[in-house]
>>> print(open('target27.tsv').read())   # TSV, C-alpha atoms
chain	number	residue	atom	x	y	z
A	1	MET	CA	-2.18	19.81	19.89
A	2	MET	CA	-2.72	20.93	16.29
A	3	ARG	CA	-0.77	18.90	13.71
A	4	SER	CA	-0.26	19.86	10.09
A	5	ILE	CA	-0.49	17.21	7.38
A	6	ALA	CA	0.37	16.91	3.68
A	7	ILE	CA	-1.43	14.19	1.73
A	8	LEU	CA	0.11	12.73	-1.42
A	9	GLY	CA	-2.74	11.01	-3.22
A	10	SER	CA	-5.60	12.93	-1.62
A	11	THR	CA	-8.34	11.93	-4.07
A	12	GLY	CA	-7.83	8.17	-3.69
A	13	SER	CA	-9.45	5.88	-1.13
A	14	ILE	CA	-6.83	6.43	1.62
A	15	GLY	CA	-6.55	10.16	0.98
A	16	THR	CA	-10.29	10.81	1.11
A	17	GLN	CA	-10.63	8.81	4.34
A	18	ALA	CA	-7.74	10.75	5.90
A	19	LEU	CA	-9.51	13.98	4.98
A	20	ASP	CA	-12.66	12.62	6.59
A	21	LEU	CA	-10.69	12.31	9.84
A	22	CYS	CA	-9.39	15.87	9.41
A	23	ARG	CA	-13.00	16.96	8.95
A	24	ARG	CA	-14.01	15.16	12.14
A	25	HIS	CA	-11.17	16.75	14.12
A	26	PRO	CA	-10.67	20.32	12.85
A	27	ASP	CA	-9.11	21.26	16.19
A	28	ARG	CA	-6.35	18.65	15.70
A	29	TYR	CA	-5.40	18.73	12.02
A	30	LYS	CA	-4.52	21.42	9.52
A	31	VAL	CA	-4.09	20.37	5.89
A	32	THR	CA	-1.12	22.13	4.28
A	33	ALA	CA	-0.73	20.27	0.97
A	34	LEU	CA	-2.77	17.99	-1.29
A	35	THR	CA	-1.74	16.19	-4.46
A	36	ALA	CA	-3.62	13.98	-6.89
A	37	ARG	CA	-2.76	12.16	-10.08
A	38	GLY	CA	-5.44	13.39	-12.45
A	39	SER	CA	-8.72	13.88	-10.54
A	40	LYS	CA	-8.77	17.61	-11.13
A	41	GLU	CA	-12.32	18.47	-10.10
A	42	LYS	CA	-12.16	16.35	-6.95
A	43	LEU	CA	-8.88	18.02	-5.98
A	44	PHE	CA	-10.43	21.46	-6.52
A	45	GLU	CA	-13.28	20.49	-4.16
A	46	GLN	CA	-10.79	19.38	-1.51
A	47	VAL	CA	-8.75	22.58	-1.84
A	48	ARG	CA	-11.94	24.60	-1.52
A	49	GLU	CA	-12.86	22.83	1.72
A	50	PHE	CA	-9.48	22.38	3.44
A	51	ARG	CA	-7.62	25.44	2.06
A	52	PRO	CA	-4.07	24.04	1.85
A	53	GLU	CA	-1.18	26.31	0.92
A	54	THR	CA	-0.02	23.97	-1.89
A	55	ALA	CA	-1.83	21.58	-4.25
A	56	GLY	CA	-0.80	19.70	-7.35
A	57	LEU	CA	-1.67	17.31	-10.13
A	58	THR	CA	1.10	14.92	-11.10
A	59	GLU	CA	-0.34	14.46	-14.60
A	60	GLY	CA	-0.18	18.21	-15.13
A	61	PHE	CA	-2.85	20.85	-15.78
A	62	ASP	CA	-3.50	24.13	-17.52
A	63	PRO	CA	-3.18	27.02	-15.02
A	64	ALA	CA	-6.16	28.62	-16.73
A	65	GLU	CA	-8.33	25.81	-15.37
A	66	ILE	CA	-7.84	26.88	-11.75
A	67	PRO	CA	-11.08	28.46	-10.47
A	68	GLU	CA	-10.89	32.06	-9.30
A	69	ASP	CA	-11.87	31.20	-5.74
A	70	LEU	CA	-8.85	28.86	-5.45
A	71	LYS	CA	-6.18	31.36	-6.45
A	72	PHE	CA	-5.11	31.59	-2.79
A	73	CYS	CA	-3.47	28.17	-3.21
A	74	ARG	CA	-0.17	27.51	-5.00
A	75	PHE	CA	-0.83	24.92	-7.71
A	76	LEU	CA	2.03	22.83	-9.11
A	77	SER	CA	2.28	19.95	-11.57
A	78	GLY	CA	4.33	16.84	-12.20
A	79	LYS	CA	7.19	15.77	-9.95
A	80	GLU	CA	7.52	19.33	-8.64
A	81	ALA	CA	4.10	19.00	-6.99
A	82	LEU	CA	5.07	15.82	-5.13
A	83	HIS	CA	8.41	17.22	-4.00
A	84	ALA	CA	6.90	20.49	-2.77
A	85	ALA	CA	4.13	18.72	-0.87
A	86	ALA	CA	6.48	16.17	0.68
A	87	ALA	CA	9.44	18.37	1.55
A	88	GLU	CA	8.77	22.10	1.22
A	89	THR	CA	5.40	22.76	2.86
A	90	ASP	CA	4.96	23.42	6.55
A	91	ALA	CA	3.74	19.92	7.44
A	92	ASP	CA	4.54	17.92	10.57
A	93	MET	CA	3.61	14.71	8.81
A	94	VAL	CA	3.24	13.46	5.24
A	95	LEU	CA	0.73	10.78	4.33
A	96	VAL	CA	2.04	8.98	1.24
A	97	SER	CA	-0.93	7.22	-0.33
A	98	ILE	CA	0.21	7.22	-3.94
A	99	VAL	CA	-0.17	3.87	-5.71
A	100	GLY	CA	2.98	2.12	-6.95
A	101	ILE	CA	6.69	2.93	-7.08
A	102	ALA	CA	5.80	6.59	-7.68
A	103	GLY	CA	5.55	6.88	-3.90
A	104	LEU	CA	9.22	6.02	-3.29
A	105	GLN	CA	10.58	9.48	-4.11
A	106	GLY	CA	7.89	11.18	-2.04
A	107	VAL	CA	8.76	9.06	1.00
A	108	MET	CA	12.47	9.80	0.61
A	109	ASP	CA	11.88	13.53	0.08
A	110	ALA	CA	9.74	13.72	3.23
A	111	LEU	CA	12.28	11.85	5.35
A	112	LYS	CA	15.16	13.99	4.09
A	113	ALA	CA	13.14	17.05	5.12
A	114	GLY	CA	12.68	15.63	8.63
A	115	LYS	CA	8.96	14.95	8.25
A	116	GLN	CA	7.02	12.16	9.95
A	117	VAL	CA	5.95	9.71	7.23
A	118	LEU	CA	2.59	7.95	7.40
A	119	LEU	CA	3.13	5.11	4.97
A	120	ALA	CA	0.21	3.91	2.85
A	121	ASN	CA	2.47	3.08	-0.09
A	122	LYS	CA	3.95	-0.38	0.38
A	123	GLU	CA	5.97	-0.17	-2.84
A	124	ALA	CA	8.35	2.37	-1.28
A	125	LEU	CA	9.63	-0.35	1.05
A	126	VAL	CA	9.27	-3.14	-1.50
A	127	THR	CA	11.56	-1.39	-3.96
A	128	GLY	CA	13.79	0.71	-1.71
A	129	GLY	CA	13.47	-0.84	1.74
A	130	HIS	CA	17.09	-0.46	2.81
A	131	LEU	CA	17.32	3.11	1.51
A	132	VAL	CA	14.06	4.19	3.16
A	133	THR	CA	14.75	2.58	6.53
A	134	ASP	CA	18.27	4.09	6.60
A	135	LEU	CA	16.78	7.54	6.01
A	136	ALA	CA	14.13	6.98	8.69
A	137	ARG	CA	16.83	6.04	11.21
A	138	LYS	CA	18.83	9.15	10.34
A	139	ALA	CA	15.70	11.31	10.66
A	140	GLY	CA	14.95	9.74	14.05
A	141	LYS	CA	11.31	9.25	13.09
A	142	PRO	CA	9.69	5.81	12.85
A	143	LEU	CA	7.74	4.99	9.72
A	144	LEU	CA	4.09	4.81	10.78
A	145	PRO	CA	2.31	2.14	8.71
A	146	VAL	CA	-1.18	2.74	7.39
A	147	ASP	CA	-1.86	-0.63	5.73
A	148	SER	CA	-4.39	-2.36	7.99
A	149	GLU	CA	-2.15	-5.41	8.50
A	150	HIS	CA	1.03	-3.50	9.23
A	151	SER	CA	-0.78	-1.06	11.47
A	152	ALA	CA	-2.14	-4.04	13.40
A	153	ILE	CA	1.36	-5.48	13.80
A	154	PHE	CA	2.72	-2.09	14.85
A	155	GLN	CA	-0.04	-1.73	17.44
A	156	CYS	CA	0.64	-5.22	18.85
A	157	LEU	CA	4.35	-4.45	19.13
A	158	GLN	CA	3.61	-1.44	21.35
A	159	ALA	CA	2.78	-3.91	24.13
A	160	ASP	CA	5.78	-6.20	23.83
A	161	GLY	CA	7.80	-4.87	26.80
A	162	THR	CA	10.67	-7.34	27.24
A	163	ASN	CA	8.75	-10.14	25.53
A	164	LYS	CA	10.62	-10.92	22.29
A	165	PRO	CA	8.51	-11.14	19.12
A	166	MET	CA	9.18	-14.47	17.37
A	167	LYS	CA	6.83	-14.43	14.40
A	168	ILE	CA	4.41	-12.19	12.53
A	169	LEU	CA	1.01	-13.56	11.50
A	170	LEU	CA	0.03	-11.53	8.43
A	171	THR	CA	-3.65	-12.01	7.73
A	172	ALA	CA	-5.23	-12.06	4.26
A	173	SER	CA	-8.89	-12.11	3.27
A	174	GLY	CA	-8.15	-14.51	0.42
A	175	GLY	CA	-9.90	-12.16	-1.99
A	176	PRO	CA	-12.76	-13.07	-4.31
A	177	PHE	CA	-11.06	-16.22	-5.64
A	178	ARG	CA	-10.25	-17.92	-2.35
A	179	THR	CA	-12.54	-20.90	-3.00
A	180	TRP	CA	-12.03	-21.08	-6.78
A	181	ASP	CA	-9.96	-23.79	-8.45
A	182	LYS	CA	-6.73	-22.93	-10.23
A	183	GLU	CA	-8.12	-23.14	-13.77
A	184	ARG	CA	-11.06	-20.88	-12.99
A	185	ILE	CA	-8.75	-18.32	-11.36
A	186	ARG	CA	-6.52	-18.23	-14.42
A	187	LYS	CA	-9.49	-17.28	-16.60
A	188	ALA	CA	-11.08	-14.76	-14.21
A	189	THR	CA	-12.45	-11.57	-15.75
A	190	LYS	CA	-11.83	-7.96	-14.79
A	191	ALA	CA	-15.33	-7.65	-13.32
A	192	GLU	CA	-14.79	-10.75	-11.19
A	193	ALA	CA	-11.39	-9.58	-9.94
A	194	LEU	CA	-12.78	-6.20	-8.89
A	195	LYS	CA	-15.45	-7.71	-6.60
A	196	HIS	CA	-13.60	-7.80	-3.29
A	197	PRO	CA	-15.73	-9.43	-0.58
A	198	ASN	CA	-14.70	-7.12	2.29
A	199	TRP	CA	-12.75	-4.01	1.30
A	200	ASN	CA	-13.56	-0.99	-0.88
A	201	MET	CA	-10.26	-0.08	-2.56
A	202	GLY	CA	-8.81	1.23	-5.81
A	203	ALA	CA	-8.69	-0.99	-8.91
A	204	LYS	CA	-4.99	-1.87	-8.80
A	205	ILE	CA	-4.89	-2.94	-5.15
A	206	THR	CA	-8.18	-4.84	-5.58
A	207	VAL	CA	-6.70	-6.88	-8.43
A	208	ASP	CA	-3.56	-7.42	-6.34
A	209	SER	CA	-5.75	-8.73	-3.53
A	210	ALA	CA	-7.46	-11.14	-5.92
A	211	SER	CA	-4.07	-12.48	-7.10
A	212	MET	CA	-2.52	-12.23	-3.60
A	213	PHE	CA	0.29	-10.16	-5.09
A	214	ASN	CA	-0.78	-7.59	-2.53
A	215	LYS	CA	0.08	-10.05	0.23
A	216	GLY	CA	3.42	-10.76	-1.42
A	217	LEU	CA	4.16	-7.03	-1.35
A	218	GLU	CA	3.07	-6.92	2.29
A	219	ILE	CA	5.50	-9.71	3.22
A	220	MET	CA	8.26	-7.54	1.72
A	221	GLU	CA	6.98	-4.45	3.53
A	222	ALA	CA	6.81	-6.27	6.86
A	223	ARG	CA	10.38	-7.48	6.46
A	224	TRP	CA	11.62	-3.86	6.40
A	225	LEU	CA	9.14	-2.24	8.76
A	226	PHE	CA	9.70	-4.73	11.55
A	227	ASP	CA	13.19	-6.06	10.73
A	228	MET	CA	11.78	-9.59	10.58
A	229	PRO	CA	13.19	-12.27	8.22
A	230	GLU	CA	10.72	-13.60	5.66
A	231	ASP	CA	10.66	-17.08	7.18
A	232	LYS	CA	9.24	-15.53	10.37
A	233	ILE	CA	6.37	-13.85	8.49
A	234	GLU	CA	3.49	-16.28	8.10
A	235	VAL	CA	0.46	-15.54	5.93
A	236	VAL	CA	-2.87	-16.62	7.44
A	237	VAL	CA	-6.04	-16.51	5.32
A	238	HIS	CA	-8.83	-15.03	7.42
A	239	PRO	CA	-11.95	-14.47	5.26
A	240	GLN	CA	-13.82	-12.26	7.76
A	241	SER	CA	-11.08	-9.56	7.82
A	242	ILE	CA	-11.69	-8.86	11.51
A	243	VAL	CA	-8.28	-9.95	12.84
A	244	HIS	CA	-5.99	-7.60	10.93
A	245	SER	CA	-2.75	-9.34	11.95
A	246	ALA	CA	-1.00	-10.69	15.03
A	247	VAL	CA	2.40	-11.15	16.68
A	248	VAL	CA	3.65	-14.37	18.30
A	249	TYR	CA	5.91	-13.83	21.33
A	250	GLN	CA	8.59	-16.00	22.90
A	251	ASP	CA	6.45	-16.81	25.94
A	252	GLY	CA	3.74	-18.35	23.71
A	253	ALA	CA	1.41	-15.37	23.82
A	254	VAL	CA	-0.22	-14.13	20.61
A	255	LEU	CA	-1.35	-10.50	20.49
A	256	ALA	CA	-3.81	-9.62	17.72
A	257	GLN	CA	-5.59	-6.43	16.67
A	258	LEU	CA	-9.27	-6.72	15.76
A	259	GLY	CA	-11.55	-4.24	14.03
A	260	GLU	CA	-14.08	-3.74	11.27
A	261	PRO	CA	-12.61	-3.69	7.74
A	262	ASP	CA	-12.51	0.13	7.58
A	263	MET	CA	-9.28	1.95	6.77
A	264	ARG	CA	-10.13	4.95	8.94
A	265	VAL	CA	-8.94	2.98	11.98
A	266	PRO	CA	-5.30	2.43	10.85
A	267	ILE	CA	-5.20	5.88	9.21
A	268	GLY	CA	-6.41	7.47	12.44
A	269	TYR	CA	-3.89	5.52	14.52
A	270	ALA	CA	-1.02	6.79	12.36
A	271	MET	CA	-2.31	10.36	12.32
A	272	ALA	CA	-2.71	10.54	16.11
A	273	TYR	CA	0.15	8.27	17.24
A	274	PRO	CA	0.90	7.71	20.08
A	275	GLU	CA	-2.63	8.85	20.96
A	276	ARG	CA	-5.91	7.55	19.56
A	277	ILE	CA	-8.83	9.47	18.11
A	278	GLU	CA	-12.48	8.82	17.38
A	279	THR	CA	-12.81	7.58	13.78
A	280	GLY	CA	-16.51	7.02	13.30
A	281	VAL	CA	-15.93	3.28	12.95
A	282	PRO	CA	-17.89	0.99	15.33
A	283	ALA	CA	-16.16	-1.88	17.12
A	284	PRO	CA	-16.93	-5.34	15.73
A	285	ASP	CA	-19.88	-7.11	17.33
A	286	LEU	CA	-18.35	-10.47	18.27
A	287	PHE	CA	-21.76	-11.96	19.11
A	288	LYS	CA	-23.04	-11.08	15.65
A	289	LEU	CA	-19.91	-12.46	14.00
A	290	GLY	CA	-20.27	-15.74	15.83
A	291	SER	CA	-17.02	-17.28	14.59
A	292	LEU	CA	-13.73	-16.37	12.97
A	293	THR	CA	-11.91	-18.80	10.68
A	294	PHE	CA	-8.28	-19.19	9.62
A	295	GLU	CA	-6.73	-21.14	6.73
A	296	LYS	CA	-3.35	-21.78	5.15
A	297	PRO	CA	-2.86	-20.05	1.80
A	298	ASP	CA	-2.60	-22.17	-1.35
A	299	GLU	CA	0.66	-21.14	-3.00
A	300	ASP	CA	-0.08	-23.28	-6.05
A	301	LYS	CA	-3.22	-21.27	-6.83
A	302	PHE	CA	-1.56	-18.02	-5.70
A	303	PRO	CA	2.12	-18.13	-6.78
A	304	ALA	CA	2.70	-14.49	-5.75
A	305	LEU	CA	3.45	-15.65	-2.19
A	306	ARG	CA	6.19	-18.02	-3.33
A	307	LEU	CA	7.65	-15.43	-5.69
A	308	ALA	CA	7.74	-12.76	-2.98
A	309	ARG	CA	9.73	-14.99	-0.64
A	310	GLU	CA	12.12	-15.96	-3.44
A	311	CYS	CA	12.72	-12.26	-4.16
A	312	LEU	CA	13.54	-11.49	-0.52
A	313	ARG	CA	15.98	-14.38	-0.40
A	314	ALA	CA	17.56	-13.32	-3.71
A	315	GLY	CA	18.15	-9.72	-2.58
A	316	GLY	CA	19.40	-7.06	-4.98
A	317	ALA	CA	16.66	-5.55	-7.10
A	318	ALA	CA	14.50	-8.70	-7.24
A	319	CYS	CA	11.69	-7.09	-5.23
A	320	THR	CA	11.76	-4.05	-7.53
A	321	VAL	CA	11.42	-6.35	-10.55
A	322	PHE	CA	8.54	-8.18	-8.85
A	323	ASN	CA	6.74	-4.89	-8.25
A	324	GLY	CA	7.38	-3.27	-11.65
A	325	ALA	CA	6.44	-6.34	-13.68
A	326	ASN	CA	3.27	-6.77	-11.61
A	327	GLU	CA	2.24	-3.12	-12.00
A	328	GLU	CA	2.49	-3.39	-15.77
A	329	ALA	CA	0.76	-6.77	-15.92
A	330	VAL	CA	-2.12	-5.53	-13.75
A	331	ALA	CA	-2.49	-2.45	-15.95
A	332	ALA	CA	-2.69	-4.71	-19.02
A	333	PHE	CA	-5.27	-6.89	-17.28
A	334	LEU	CA	-7.38	-3.84	-16.35
A	335	ARG	CA	-7.25	-2.80	-20.02
A	336	GLU	CA	-8.57	-6.31	-20.72
A	337	GLU	CA	-5.56	-7.10	-22.92
A	338	ILE	CA	-4.53	-10.24	-21.01
A	339	PRO	CA	-6.28	-12.87	-18.88
A	340	PHE	CA	-5.89	-12.90	-15.11
A	341	GLY	CA	-3.54	-15.90	-15.13
A	342	GLU	CA	-0.95	-14.08	-17.20
A	343	ILE	CA	-0.18	-11.61	-14.40
A	344	ALA	CA	1.83	-14.14	-12.36
A	345	VAL	CA	3.40	-15.63	-15.49
A	346	ARG	CA	4.73	-12.26	-16.61
A	347	VAL	CA	6.17	-11.50	-13.19
A	348	GLU	CA	7.91	-14.87	-12.85
A	349	ARG	CA	9.45	-14.67	-16.31
A	350	ALA	CA	10.62	-11.10	-15.67
A	351	LEU	CA	12.32	-12.32	-12.49
A	352	GLU	CA	14.04	-15.09	-14.45
A	353	LYS	CA	15.16	-12.68	-17.16
A	354	LEU	CA	16.42	-9.96	-14.80
A	355	ALA	CA	17.97	-12.01	-12.01
A	356	GLY	CA	20.94	-10.45	-10.22
A	357	LEU	CA	20.27	-6.75	-10.82
A	358	PRO	CA	21.81	-4.53	-8.08
A	359	ALA	CA	19.91	-2.13	-5.79
A	360	ASN	CA	22.75	-0.15	-4.22
A	361	CYS	CA	21.24	3.27	-4.84
A	362	ILE	CA	18.01	4.83	-6.04
A	363	GLU	CA	19.34	4.99	-9.61
A	364	ASP	CA	19.71	1.19	-9.56
A	365	ILE	CA	16.12	0.90	-8.43
A	366	TRP	CA	14.79	3.17	-11.18
A	367	GLU	CA	16.73	1.16	-13.77
A	368	ALA	CA	15.50	-2.20	-12.44
A	369	ASP	CA	11.95	-0.85	-12.47
A	370	ARG	CA	12.34	0.36	-16.07
A	371	LEU	CA	13.68	-2.99	-17.23
A	372	ALA	CA	10.98	-4.94	-15.39
A	373	ARG	CA	8.26	-2.89	-17.07
A	374	ALA	CA	9.84	-3.26	-20.49
A	375	VAL	CA	10.10	-7.01	-20.11
A	376	SER	CA	6.57	-7.34	-18.74
A	377	ASN	CA	5.10	-5.28	-21.57
A	378	SER	CA	6.95	-6.51	-24.61
A	379	GLU	CA	8.83	-9.74	-24.33
A	380	PHE	CA	6.47	-12.15	-22.63
A	381	ARG	CA	3.11	-11.66	-24.26
A	382	ILE	CA	1.16	-14.89	-23.98
A	383	GLN	CA	-1.90	-15.78	-26.01
A	384	ASN	CA	-5.13	-16.62	-24.21
A	385	SER	CA	-5.08	-20.07	-25.81
A	386	GLU	CA	-1.90	-20.91	-23.86
A	387	LEU	CA	-3.79	-20.49	-20.60
>>> encode(input="target27.tsv", output="structure tokens")
Amino acid sequence: MMRSIAILGSTGSIGTQALDLCRRHPDRYKVTALTARGSKEKLFEQVREFRPETAGLTEGFDPAEIPEDLKFCRFLSGKEALHAAAAETDADMVLVSIVGIAGLQGVMDALKAGKQVLLANKEALVTGGHLVTDLARKAGKPLLPVDSEHSAIFQCLQADGTNKPMKILLTASGGPFRTWDKERIRKATKAEALKHPNWNMGAKITVDSASMFNKGLEIMEARWLFDMPEDKIEVVVHPQSIVHSAVVYQDGAVLAQLGEPDMRVPIGYAMAYPERIETGVPAPDLFKLGSLTFEKPDEDKFPALRLARECLRAGGAACTVFNGANEEAVAAFLREEIPFGEIAVRVERALEKLAGLPANCIEDIWEADRLARAVSNSEFRIQNSEL
């Protein structure tokens, strides 16, 4: 059956791989909307190939820049582009693959419009988990996770029957600094942080993987996606990135999902759910792998894990502060304004400064995010010599 899809963030890693699956299965998927942040020429190429009815650049554009052969498509800019793609186009499902809290409004708009959300933006649940899950329940459509770990958990839960899940095992590669000592990690350079051993991702998420802030965000996401308390979500460092996550059941069984570290598998699962499609990704060769290893994470070297759990226990807007302060700190690190070790320091001090903020509505979340960014950017600048 043909399904129509809108992709928010079509020029990024997730968006381009989703379009690859649409290209592989033209009889199954029709692209109705595409949005990008600022990659204008790449978006034009995608519009030319997939011919959506709506496209947009959130950073804006000059209408005169639209090529003549693309005038069939309605081009929008700014927040209007995201809203139209998420809620107004004729799409059965909306893939939200925007980086950061910017994805929250798109997720909410899509759910309010009764669309099926394919969630590749963990920050929507990190910052507005209770609001998003309430909307999903009202829409009667489950959130379909696209993150490799959460997709793995979701797939394992499909086989639970009457066997009660007791714990989630959330795997982590450990990133490029897994074997480094604490002092060396604190002084890591941008080039070093962007060398992920297994995954090819955007700059922000790659830095988050190096700091394990990404795993902290995923703990928060798992809490809302699977209604599992944080003390039942255990992080397991698995350097080979073959076991993408697992679920422990009450009878002692552990169900795990294995696959090559290629995002087309979880994207394809969400796009075809409850069916499966060919993705072009080969199955892992277990004989070639030889062995798989598992380790406990070091929360002293990677304080993001401790901070994430503290935020979930604190409630309110703590998770929003965690996310906003981290986004700003990572941006400063990528501009090479601060050393790697300052990222966690800025987030922890922002959490101390902004403890107790409410998160009763989306306006509370926007305000907590604004304050977290202001604090991260201005008040806690630390000199390299202090590290």
>>> atom_distance(input="target27.tsv", atom1="atom CA of A:Val146", atom2="atom CA of A:Ala18")
10.5 Å
>>> atom_distance(input="target27.tsv", atom1="atom CA of A:Asp181", atom2="atom CA of A:Ala193")
14.4 Å
>>> closest_residue(input="target27.tsv", among="A:Phe177, A:Phe44, A:Tyr249, A:Phe75", to="A:Asp160", atoms="only C-alpha atoms")
A:Tyr249
>>> closest_residue(input="target27.tsv", among="A:Met220, A:Leu312, A:Val265, A:Ala55", to="A:Ala85", atoms="all atoms listed in the file")
A:Ala55
>>> closest_residue(input="target27.tsv", among="A:Asp300, A:Asp208, A:Asp27, A:Asp231", to="A:Lys190", atoms="all atoms listed in the file")
A:Asp208
>>> residues_around(input="target27.tsv", residues="A:Val31", least_positions_apart="3", cutoff="6 Å", atoms="only C-alpha atoms", output="count of residues only")
3
>>> closest_residue(input="target27.tsv", among="A:Pro274, A:Gly106, A:Pro165, A:Gly114", to="A:Val248", atoms="all atoms listed in the file")
A:Pro165
>>> residues_around(input="target27.tsv", residues="A:Cys361", least_positions_apart="2", cutoff="10 Å", atoms="only C-alpha atoms", output="number ranges by chain")
A: 128, 130-131, 358-359, 363-366
>>> write_last_selection(input="target27.tsv", atoms="C-alpha atoms", output="PDB file, in the coordinates of the input")
ATOM      1  CA  GLY A 128      13.790   0.710  -1.710  1.00  0.00           C
ATOM      2  CA  HIS A 130      17.090  -0.460   2.810  1.00  0.00           C
ATOM      3  CA  LEU A 131      17.320   3.110   1.510  1.00  0.00           C
ATOM      4  CA  PRO A 358      21.810  -4.530  -8.080  1.00  0.00           C
ATOM      5  CA  ALA A 359      19.910  -2.130  -5.790  1.00  0.00           C
ATOM      6  CA  GLU A 363      19.340   4.990  -9.610  1.00  0.00           C
ATOM      7  CA  ASP A 364      19.710   1.190  -9.560  1.00  0.00           C
ATOM      8  CA  ILE A 365      16.120   0.900  -8.430  1.00  0.00           C
ATOM      9  CA  TRP A 366      14.790   3.170 -11.180  1.00  0.00           C
TER      10      TRP A 366
END
>>> atom_distance(input="target27.tsv", atom1="atom CA of A:Ile14", atom2="atom CA of A:Thr206")
13.4 Å
>>> residues_around(input="target27.tsv", residues="A:Ala120", least_positions_apart="6", cutoff="9 Å", atoms="all atoms listed in the file", output="list in words")
Ile14, Leu95, Val96, Ser97, Ile98, Val99, Leu144, Pro145, Val146, Asp147 and Ile267 of chain A
>>> residues_near_point(input="target27.tsv", point="(-1.0, 13.8, -10.2)", cutoff="9 Å", atoms="only C-alpha atoms", output="ChimeraX atom specification")
/A:8-9,35-40,56-60,77-79,81-82
